[in-house]
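One file, work.txt, carrying compact mmCIF, N, CA, C and O atoms:
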```
# COMPACT_ATOMS: atom_id res chain seq x y z
N MET A 943 -23.48 64.19 18.42
CA MET A 943 -23.97 64.41 19.77
C MET A 943 -23.42 65.73 20.29
O MET A 943 -22.25 66.01 20.16
N LYS A 944 -24.31 66.54 20.88
CA LYS A 944 -23.90 67.82 21.43
C LYS A 944 -23.20 67.61 22.77
O LYS A 944 -23.65 66.80 23.59
N PRO A 945 -22.14 68.38 23.01
CA PRO A 945 -21.46 68.26 24.30
C PRO A 945 -22.28 68.93 25.40
O PRO A 945 -23.07 69.84 25.14
N GLU A 946 -22.10 68.48 26.63
CA GLU A 946 -22.74 69.15 27.76
C GLU A 946 -21.82 70.29 28.20
O GLU A 946 -20.76 70.06 28.79
N ILE A 947 -22.21 71.51 27.88
CA ILE A 947 -21.41 72.69 28.22
C ILE A 947 -21.77 73.09 29.65
O ILE A 947 -22.94 73.32 29.96
N VAL A 948 -20.75 73.17 30.52
CA VAL A 948 -20.99 73.40 31.94
C VAL A 948 -20.45 74.73 32.45
O VAL A 948 -20.44 74.97 33.65
N SER A 949 -20.01 75.59 31.55
CA SER A 949 -19.55 76.93 31.96
C SER A 949 -19.95 77.93 30.90
O SER A 949 -20.32 77.56 29.79
N ALA A 950 -19.88 79.17 31.26
CA ALA A 950 -20.12 80.23 30.28
C ALA A 950 -18.93 80.30 29.32
O ALA A 950 -17.82 79.90 29.67
N PHE A 951 -19.16 80.79 28.12
CA PHE A 951 -18.07 81.04 27.19
C PHE A 951 -17.31 82.27 27.67
O PHE A 951 -17.92 83.23 28.16
N HIS A 952 -15.99 82.24 27.54
CA HIS A 952 -15.18 83.41 27.85
C HIS A 952 -14.15 83.60 26.75
O HIS A 952 -13.75 82.64 26.09
N LYS A 953 -13.73 84.83 26.54
CA LYS A 953 -12.76 85.12 25.49
C LYS A 953 -11.39 84.62 25.89
O LYS A 953 -10.96 84.76 27.03
N ALA A 954 -10.71 84.02 24.94
CA ALA A 954 -9.36 83.53 25.17
C ALA A 954 -8.43 84.71 25.41
O ALA A 954 -8.57 85.77 24.80
N SER A 955 -7.47 84.54 26.30
CA SER A 955 -6.58 85.65 26.66
C SER A 955 -5.70 86.09 25.50
O SER A 955 -5.22 87.22 25.50
N TYR A 956 -5.49 85.26 24.51
CA TYR A 956 -4.64 85.62 23.37
C TYR A 956 -5.44 86.15 22.18
O TYR A 956 -4.88 86.39 21.13
N SER A 957 -6.74 86.33 22.35
CA SER A 957 -7.55 86.86 21.25
C SER A 957 -7.19 88.31 20.99
O SER A 957 -6.78 89.04 21.89
N GLY A 958 -7.38 88.72 19.76
CA GLY A 958 -7.04 90.09 19.37
C GLY A 958 -7.98 91.12 19.98
O GLY A 958 -9.09 90.81 20.40
N GLN A 959 -7.55 92.35 20.03
CA GLN A 959 -8.35 93.43 20.57
C GLN A 959 -9.30 94.02 19.54
O GLN A 959 -10.13 94.85 19.86
N GLU A 960 -9.18 93.64 18.28
CA GLU A 960 -9.99 94.20 17.20
C GLU A 960 -11.29 93.42 16.99
O GLU A 960 -11.95 93.59 15.99
N GLY A 961 -11.65 92.56 17.89
CA GLY A 961 -12.87 91.79 17.75
C GLY A 961 -12.66 90.41 17.16
O GLY A 961 -13.61 89.66 16.98
N ASP A 962 -11.43 90.06 16.85
CA ASP A 962 -11.11 88.72 16.33
C ASP A 962 -10.89 87.80 17.53
O ASP A 962 -9.77 87.54 17.92
N CYS A 963 -11.99 87.36 18.12
CA CYS A 963 -11.89 86.63 19.37
C CYS A 963 -12.34 85.19 19.26
O CYS A 963 -13.29 84.87 18.55
N VAL A 964 -11.67 84.37 20.00
CA VAL A 964 -12.05 82.97 20.18
C VAL A 964 -12.61 82.87 21.59
O VAL A 964 -12.04 83.40 22.54
N GLU A 965 -13.75 82.20 21.73
CA GLU A 965 -14.35 81.98 23.03
C GLU A 965 -14.30 80.50 23.36
O GLU A 965 -14.44 79.65 22.48
N VAL A 966 -14.12 80.21 24.65
CA VAL A 966 -13.96 78.83 25.11
C VAL A 966 -14.91 78.58 26.27
O VAL A 966 -15.09 79.44 27.13
N ALA A 967 -15.50 77.39 26.30
CA ALA A 967 -16.33 76.94 27.43
C ALA A 967 -15.91 75.53 27.81
O ALA A 967 -15.40 74.76 26.99
N HIS A 968 -16.14 75.17 29.06
CA HIS A 968 -15.82 73.84 29.58
C HIS A 968 -16.97 72.88 29.28
O HIS A 968 -18.13 73.26 29.29
N THR A 969 -16.61 71.62 29.06
CA THR A 969 -17.61 70.57 28.90
C THR A 969 -17.61 69.67 30.13
O THR A 969 -16.65 69.68 30.91
N ALA A 970 -18.68 68.91 30.31
CA ALA A 970 -18.83 68.05 31.48
C ALA A 970 -17.70 67.02 31.62
O ALA A 970 -17.33 66.66 32.72
N ASP A 971 -17.15 66.58 30.48
CA ASP A 971 -16.10 65.55 30.54
C ASP A 971 -14.70 66.14 30.66
O ASP A 971 -13.71 65.41 30.55
N GLY A 972 -14.58 67.46 30.87
CA GLY A 972 -13.28 68.08 31.05
C GLY A 972 -12.68 68.65 29.77
O GLY A 972 -11.60 69.21 29.79
N GLY A 973 -13.38 68.49 28.66
CA GLY A 973 -12.91 69.05 27.40
C GLY A 973 -13.33 70.50 27.27
O GLY A 973 -13.72 71.15 28.25
N ARG A 974 -13.24 71.01 26.05
CA ARG A 974 -13.60 72.40 25.78
C ARG A 974 -14.37 72.51 24.47
O ARG A 974 -14.24 71.67 23.58
N VAL A 975 -15.17 73.56 24.38
CA VAL A 975 -15.86 73.93 23.16
C VAL A 975 -15.30 75.29 22.77
O VAL A 975 -15.19 76.19 23.60
N VAL A 976 -14.93 75.44 21.50
CA VAL A 976 -14.32 76.68 21.01
C VAL A 976 -15.21 77.23 19.90
O VAL A 976 -15.65 76.49 19.02
N ARG A 977 -15.46 78.56 19.95
CA ARG A 977 -16.28 79.19 18.92
C ARG A 977 -15.74 80.58 18.59
O ARG A 977 -14.94 81.15 19.33
N ASP A 978 -16.23 81.13 17.49
CA ASP A 978 -15.89 82.48 17.05
C ASP A 978 -16.84 83.45 17.73
O ASP A 978 -18.06 83.31 17.63
N SER A 979 -16.32 84.45 18.43
CA SER A 979 -17.18 85.38 19.17
C SER A 979 -18.09 86.19 18.25
O SER A 979 -19.13 86.67 18.69
N LYS A 980 -17.72 86.34 16.99
CA LYS A 980 -18.55 87.10 16.06
C LYS A 980 -19.78 86.32 15.61
O LYS A 980 -20.70 86.89 15.04
N ASP A 981 -19.81 85.01 15.87
CA ASP A 981 -20.91 84.16 15.44
C ASP A 981 -21.26 83.16 16.54
O ASP A 981 -21.08 81.95 16.38
N PRO A 982 -21.76 83.64 17.68
CA PRO A 982 -22.00 82.73 18.81
C PRO A 982 -23.02 81.63 18.55
O PRO A 982 -22.99 80.60 19.20
N ALA A 983 -23.91 81.83 17.60
CA ALA A 983 -24.89 80.80 17.28
C ALA A 983 -24.39 79.88 16.17
O ALA A 983 -25.06 78.91 15.81
N GLY A 984 -23.22 80.16 15.65
CA GLY A 984 -22.67 79.39 14.54
C GLY A 984 -21.99 78.12 14.99
O GLY A 984 -22.16 77.66 16.12
N PRO A 985 -21.19 77.55 14.11
CA PRO A 985 -20.52 76.28 14.42
C PRO A 985 -19.46 76.44 15.51
O PRO A 985 -18.98 77.54 15.77
N TYR A 986 -19.12 75.33 16.12
CA TYR A 986 -18.08 75.32 17.14
C TYR A 986 -17.27 74.04 17.01
O TYR A 986 -17.68 73.09 16.34
N ILE A 987 -16.13 74.04 17.67
CA ILE A 987 -15.26 72.88 17.67
C ILE A 987 -15.28 72.29 19.08
O ILE A 987 -15.13 73.01 20.06
N VAL A 988 -15.44 70.98 19.16
CA VAL A 988 -15.42 70.28 20.45
C VAL A 988 -14.08 69.56 20.56
O VAL A 988 -13.70 68.79 19.67
N LEU A 989 -13.37 69.82 21.65
CA LEU A 989 -12.08 69.18 21.90
C LEU A 989 -12.17 68.38 23.20
O LEU A 989 -12.55 68.93 24.24
N GLY A 990 -11.83 67.10 23.12
CA GLY A 990 -11.76 66.28 24.32
C GLY A 990 -10.59 66.71 25.19
O GLY A 990 -9.78 67.56 24.80
N VAL A 991 -10.48 66.12 26.35
CA VAL A 991 -9.42 66.48 27.30
C VAL A 991 -8.03 66.39 26.66
O VAL A 991 -7.23 67.31 26.75
N GLY A 992 -7.73 65.29 25.99
CA GLY A 992 -6.41 65.10 25.39
C GLY A 992 -6.13 66.08 24.27
O GLY A 992 -5.04 66.64 24.18
N ALA A 993 -7.12 66.30 23.42
CA ALA A 993 -6.94 67.24 22.30
C ALA A 993 -6.76 68.66 22.82
O ALA A 993 -5.96 69.43 22.28
N TRP A 994 -7.51 69.03 23.86
CA TRP A 994 -7.37 70.37 24.44
C TRP A 994 -5.97 70.55 25.04
O TRP A 994 -5.31 71.55 24.81
N ALA A 995 -5.52 69.57 25.80
CA ALA A 995 -4.19 69.65 26.42
C ALA A 995 -3.10 69.75 25.35
O ALA A 995 -2.16 70.56 25.47
N TRP A 996 -3.21 68.95 24.29
CA TRP A 996 -2.23 69.00 23.20
C TRP A 996 -2.25 70.37 22.53
O TRP A 996 -1.20 70.94 22.24
N SER A 997 -3.44 70.91 22.29
CA SER A 997 -3.56 72.21 21.63
C SER A 997 -2.90 73.31 22.46
O SER A 997 -2.14 74.12 21.93
N ILE A 998 -3.18 73.33 23.74
CA ILE A 998 -2.61 74.36 24.61
C ILE A 998 -1.10 74.22 24.69
O ILE A 998 -0.36 75.20 24.59
N GLU A 999 -0.60 73.01 24.85
CA GLU A 999 0.85 72.80 24.93
C GLU A 999 1.53 73.22 23.63
O GLU A 999 2.59 73.83 23.65
N THR A 1000 0.93 72.89 22.51
CA THR A 1000 1.49 73.27 21.21
C THR A 1000 1.52 74.79 21.06
O THR A 1000 2.51 75.35 20.60
N LEU A 1001 0.46 75.45 21.46
CA LEU A 1001 0.43 76.92 21.38
C LEU A 1001 1.46 77.56 22.31
O LEU A 1001 2.10 78.55 21.96
N LYS A 1002 1.62 77.01 23.50
CA LYS A 1002 2.59 77.55 24.46
C LYS A 1002 4.02 77.44 23.95
O LYS A 1002 4.83 78.32 24.16
N THR A 1003 4.33 76.33 23.31
CA THR A 1003 5.69 76.10 22.84
C THR A 1003 5.92 76.61 21.43
O THR A 1003 7.04 76.61 20.94
N ASP A 1004 4.81 77.02 20.76
CA ASP A 1004 4.88 77.47 19.37
C ASP A 1004 5.56 76.42 18.50
O ASP A 1004 6.39 76.71 17.65
N ASP A 1005 5.22 75.18 18.74
CA ASP A 1005 5.82 74.06 18.06
C ASP A 1005 5.04 73.76 16.78
O ASP A 1005 4.32 72.79 16.67
N SER A 1006 5.21 74.61 15.77
CA SER A 1006 4.45 74.43 14.53
C SER A 1006 4.86 73.15 13.80
O SER A 1006 4.12 72.66 12.96
N ALA A 1007 6.00 72.59 14.12
CA ALA A 1007 6.43 71.34 13.49
C ALA A 1007 5.53 70.18 13.92
O ALA A 1007 5.39 69.20 13.22
N ALA A 1008 4.87 70.32 15.10
CA ALA A 1008 3.99 69.27 15.57
C ALA A 1008 2.67 69.23 14.83
O ALA A 1008 1.94 68.28 14.87
N LEU A 1009 2.37 70.30 14.11
CA LEU A 1009 1.12 70.34 13.36
C LEU A 1009 1.33 69.60 12.09
O LEU A 1009 0.65 69.13 11.37
```
For the file at hand, write its structure as structure tokens.
Amino acid sequence: MKPEIVSAFHKASYSGQEGDCVEVAHTADGGRVVRDSKDPAGPYIVLGVGAWAWSIETLKTDDSAAL
């Protein structure tokens, strides 16, 4: 099932300046859709609210042991 995307995609603030960018959009249920900016029509990852929150917290703390 496709998620209901309710915002435009925007580049993540930590994406590289060389074009290696991750883009994120909001979904209707509060989750996020993540895609590669070089392939906007390609595959994407859908993260629910809990998975998105866990991902962001893990990235903020750089807690690679949690992976």
Self-check item: Selection near Ser979 of chain A, 10 Å with only C-alpha atoms, sequence-local residues under 2 positions removed, as a PyMOL selection string
Solution: chain A and resi 951-953+957+961-966+976-977+981-984
Quiz prompt | Selection: 5 Å around Thr969 of chain A, all atoms listed in the file, excl. self and same-chain fewer than 4 positions, as a ChimeraX atom specification | solution = /A:946-948,973-974
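When DSSP is run on the backbone, the residues of chain A that fall into alpha helix (DSSP H) are A:Val991, A:Gly992, A:Ala993, A:Trp994, A:Ala995, A:Trp996, A:Ser997, A:Ile998, A:Glu999, A:Thr1000, A:Leu1001, A:Lys1002, A:Thr1003.
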Could you pull out all residues of chain A with a DSSP call of strand (DSSP E or B) and give them as a CSV table (one decimal) with N, CA, C and O atoms, in the frame of the given file?
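Printed below is result_35.csv as written:
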```csv
chain,number,residue,atom,x,y,z
A,947,ILE,N,-22.2,71.5,27.9
A,947,ILE,CA,-21.4,72.7,28.2
A,947,ILE,C,-21.8,73.1,29.6
A,947,ILE,O,-22.9,73.3,30.0
A,952,HIS,N,-16.0,82.2,27.5
A,952,HIS,CA,-15.2,83.4,27.8
A,952,HIS,C,-14.2,83.6,26.8
A,952,HIS,O,-13.8,82.6,26.1
A,953,LYS,N,-13.7,84.8,26.5
A,953,LYS,CA,-12.8,85.1,25.5
A,953,LYS,C,-11.4,84.6,25.9
A,953,LYS,O,-11.0,84.8,27.0
A,964,VAL,N,-11.7,84.4,20.0
A,964,VAL,CA,-12.0,83.0,20.2
A,964,VAL,C,-12.6,82.9,21.6
A,964,VAL,O,-12.0,83.4,22.5
A,965,GLU,N,-13.8,82.2,21.7
A,965,GLU,CA,-14.4,82.0,23.0
A,965,GLU,C,-14.3,80.5,23.4
A,965,GLU,O,-14.4,79.6,22.5
A,966,VAL,N,-14.1,80.2,24.6
A,966,VAL,CA,-14.0,78.8,25.1
A,966,VAL,C,-14.9,78.6,26.3
A,966,VAL,O,-15.1,79.4,27.1
A,967,ALA,N,-15.5,77.4,26.3
A,967,ALA,CA,-16.3,76.9,27.4
A,967,ALA,C,-15.9,75.5,27.8
A,967,ALA,O,-15.4,74.8,27.0
A,968,HIS,N,-16.1,75.2,29.1
A,968,HIS,CA,-15.8,73.8,29.6
A,968,HIS,C,-17.0,72.9,29.3
A,968,HIS,O,-18.1,73.3,29.3
A,969,THR,N,-16.6,71.6,29.1
A,969,THR,CA,-17.6,70.6,28.9
A,969,THR,C,-17.6,69.7,30.1
A,969,THR,O,-16.6,69.7,30.9
A,974,ARG,N,-13.2,71.0,26.0
A,974,ARG,CA,-13.6,72.4,25.8
A,974,ARG,C,-14.4,72.5,24.5
A,974,ARG,O,-14.2,71.7,23.6
A,975,VAL,N,-15.2,73.6,24.4
A,975,VAL,CA,-15.9,73.9,23.2
A,975,VAL,C,-15.3,75.3,22.8
A,975,VAL,O,-15.2,76.2,23.6
A,976,VAL,N,-14.9,75.4,21.5
A,976,VAL,CA,-14.3,76.7,21.0
A,976,VAL,C,-15.2,77.2,19.9
A,976,VAL,O,-15.6,76.5,19.0
A,977,ARG,N,-15.5,78.6,20.0
A,977,ARG,CA,-16.3,79.2,18.9
A,977,ARG,C,-15.7,80.6,18.6
A,977,ARG,O,-14.9,81.2,19.3
A,978,ASP,N,-16.2,81.1,17.5
A,978,ASP,CA,-15.9,82.5,17.0
A,978,ASP,C,-16.8,83.4,17.7
A,978,ASP,O,-18.1,83.3,17.6
A,986,TYR,N,-19.1,75.3,16.1
A,986,TYR,CA,-18.1,75.3,17.1
A,986,TYR,C,-17.3,74.0,17.0
A,986,TYR,O,-17.7,73.1,16.3
A,987,ILE,N,-16.1,74.0,17.7
A,987,ILE,CA,-15.3,72.9,17.7
A,987,ILE,C,-15.3,72.3,19.1
A,987,ILE,O,-15.1,73.0,20.1
A,988,VAL,N,-15.4,71.0,19.2
A,988,VAL,CA,-15.4,70.3,20.4
A,988,VAL,C,-14.1,69.6,20.6
A,988,VAL,O,-13.7,68.8,19.7
A,989,LEU,N,-13.4,69.8,21.6
A,989,LEU,CA,-12.1,69.2,21.9
A,989,LEU,C,-12.2,68.4,23.2
A,989,LEU,O,-12.6,68.9,24.2
```
Self-check item: Separation of atom O of Ala950 of chain A from atom CA of Val988 of chain A in Å
Solution: 13.5 Å
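Going from atom CA of Ala970 of chain A to atom CA of Lys1002 of chain A covers 24.5 Å.
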Quiz item: So how many Å separate atom CA of Ser997 of chain A and atom C of Met943 of chain A, to one decimal?
Solution: 20.9 Å
Please, what is the axis-aligned box for every listed atom of segment 981-995 of chain A with 5 Å on each side, as centre and edge lengths in Å to one decimal, as lines of an AutoDock Vina configuration file?
```
center_x = -13.6
center_y = 75.1
center_z = 20.7
size_x = 32.9
size_y = 29.9
size_z = 23.2
```
